[in-house]
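Below is one structure; the comments refer to it alone.
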Amino acid sequence: MLYGKMILAYLRARCQYMKNFISSILAALPYQLTSFLVLWGVFSAFGGMGDWSYLDVLFLGVLLNIISGCANGFFKQFRFLENEIISGNLDVYLTRPRSVIFQLAAHEIDLFSIFGTVIPNLLIGLFCFGRMDILWTPRKVLFLGEVILFGTLFYGAVFFFIGTLSFWFYRTNHTAMT
């Protein structure tokens, strides 16, 4: 409940500069579309990859982009824990009554990753849903949701692990995935 309120407050603050918010999201769309056009070009040139069709590979790419976009959106700040430690800002979190992990998780959400990566990939994924040779049952859709959820949590755990290395090493973000 409190996490949701903090997210909404952060969104309201970011949306104060609506033109900047929208332009930063629109700037991500060419990148997303370019990667799918390159994939289409490869499949057009070579005809396929064994039993894998363009839509199969596109769907896996979309799934990976959704998972990494959600992880960057909600857990990216754990990767940059080193900055909080080096600057001494972590001490501020230690003096508050909430847990440090909760405060870091609610501190900043990467809206660029969520709106610029996750949403376009969800739309492309929906495009793939209808054209793939898969019978989508409610059970398969639920499983797909679980894959996204647990994949995001796995990435978040990796970010958290990399962040905790900051207590022993000076710079750890260089080991993180981008």
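Chain labels follow the order of the structure tokens: the first chain is A, the next B, and so on; residue numbering restarts at 1 in every chain, and ligands are counted from 1 in their shown order.
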So which residues touch A:Gly156 within 12 Å, counting only C-alpha atoms, skipping near sequence neighbours fewer than 5 positions away, as a PyMOL selection string? chain A and resi 67-79+101+105+149-151+161-163+176-177
Show me, as a ChimeraX atom specification, the residues that have an atom within 12 Å of A:Arg98 when counting only C-alpha atoms, minus same-chain residues fewer than 6 positions from it. /A:2-3,92,104-106
Just the selected residues (N, CA, C and O atoms), exported as a PDB file, in the first residue's frame, please.
```pdb
ATOM      1  N   LEU A   2       1.825   1.313   0.928  1.00  0.00           N
ATOM      2  CA  LEU A   2       2.699   2.474   0.993  1.00  0.00           C
ATOM      3  C   LEU A   2       3.585   2.543  -0.242  1.00  0.00           C
ATOM      4  O   LEU A   2       3.831   3.630  -0.775  1.00  0.00           O
ATOM      5  N   TYR A   3       4.033   1.387  -0.733  1.00  0.00           N
ATOM      6  CA  TYR A   3       4.866   1.353  -1.934  1.00  0.00           C
ATOM      7  C   TYR A   3       4.091   1.940  -3.114  1.00  0.00           C
ATOM      8  O   TYR A   3       4.631   2.731  -3.894  1.00  0.00           O
ATOM      9  N   VAL A  92      21.176   8.360   5.314  1.00  0.00           N
ATOM     10  CA  VAL A  92      19.839   8.961   5.424  1.00  0.00           C
ATOM     11  C   VAL A  92      18.785   7.868   5.512  1.00  0.00           C
ATOM     12  O   VAL A  92      17.856   7.942   6.316  1.00  0.00           O
ATOM     13  N   LEU A 104      14.928   2.071  -0.898  1.00  0.00           N
ATOM     14  CA  LEU A 104      15.624   2.070  -2.184  1.00  0.00           C
ATOM     15  C   LEU A 104      14.691   1.645  -3.315  1.00  0.00           C
ATOM     16  O   LEU A 104      14.730   2.209  -4.411  1.00  0.00           O
ATOM     17  N   ALA A 105      13.850   0.651  -3.056  1.00  0.00           N
ATOM     18  CA  ALA A 105      12.926   0.169  -4.081  1.00  0.00           C
ATOM     19  C   ALA A 105      11.919   1.245  -4.462  1.00  0.00           C
ATOM     20  O   ALA A 105      11.509   1.334  -5.627  1.00  0.00           O
ATOM     21  N   ALA A 106      11.516   2.064  -3.515  1.00  0.00           N
ATOM     22  CA  ALA A 106      10.517   3.097  -3.786  1.00  0.00           C
ATOM     23  C   ALA A 106      11.136   4.441  -4.129  1.00  0.00           C
ATOM     24  O   ALA A 106      10.424   5.384  -4.445  1.00  0.00           O
TER      25      ALA A 106
END
```
Contacts of A:Ser24 at 10 Å (only C-alpha atoms; same-chain gap of 3+ positions) as an NGL selection string: :A and (18-21 or 27-29 or 111-112 or 115-116)
Looking only at alpha helix (DSSP H) from DSSP on the backbone, list the matching residues of stretch 68-134 of chain A as a VMD selection string. chain A and resid 68 to 79 81 to 87 90 to 94 100 to 107 111 to 113 119 to 131
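Of the residues under consideration (A:Leu60, A:Val118, A:His107, A:Val158), A:Leu60 shows the shortest atom-to-atom contact distance to A:Leu144 when counting only C-alpha atoms.
Compared by their closest atoms to A:Ile109, and using only C-alpha atoms, the residues A:Leu58, A:Ile148, A:Ile7, A:Cys15 rank with A:Ile7 nearest.
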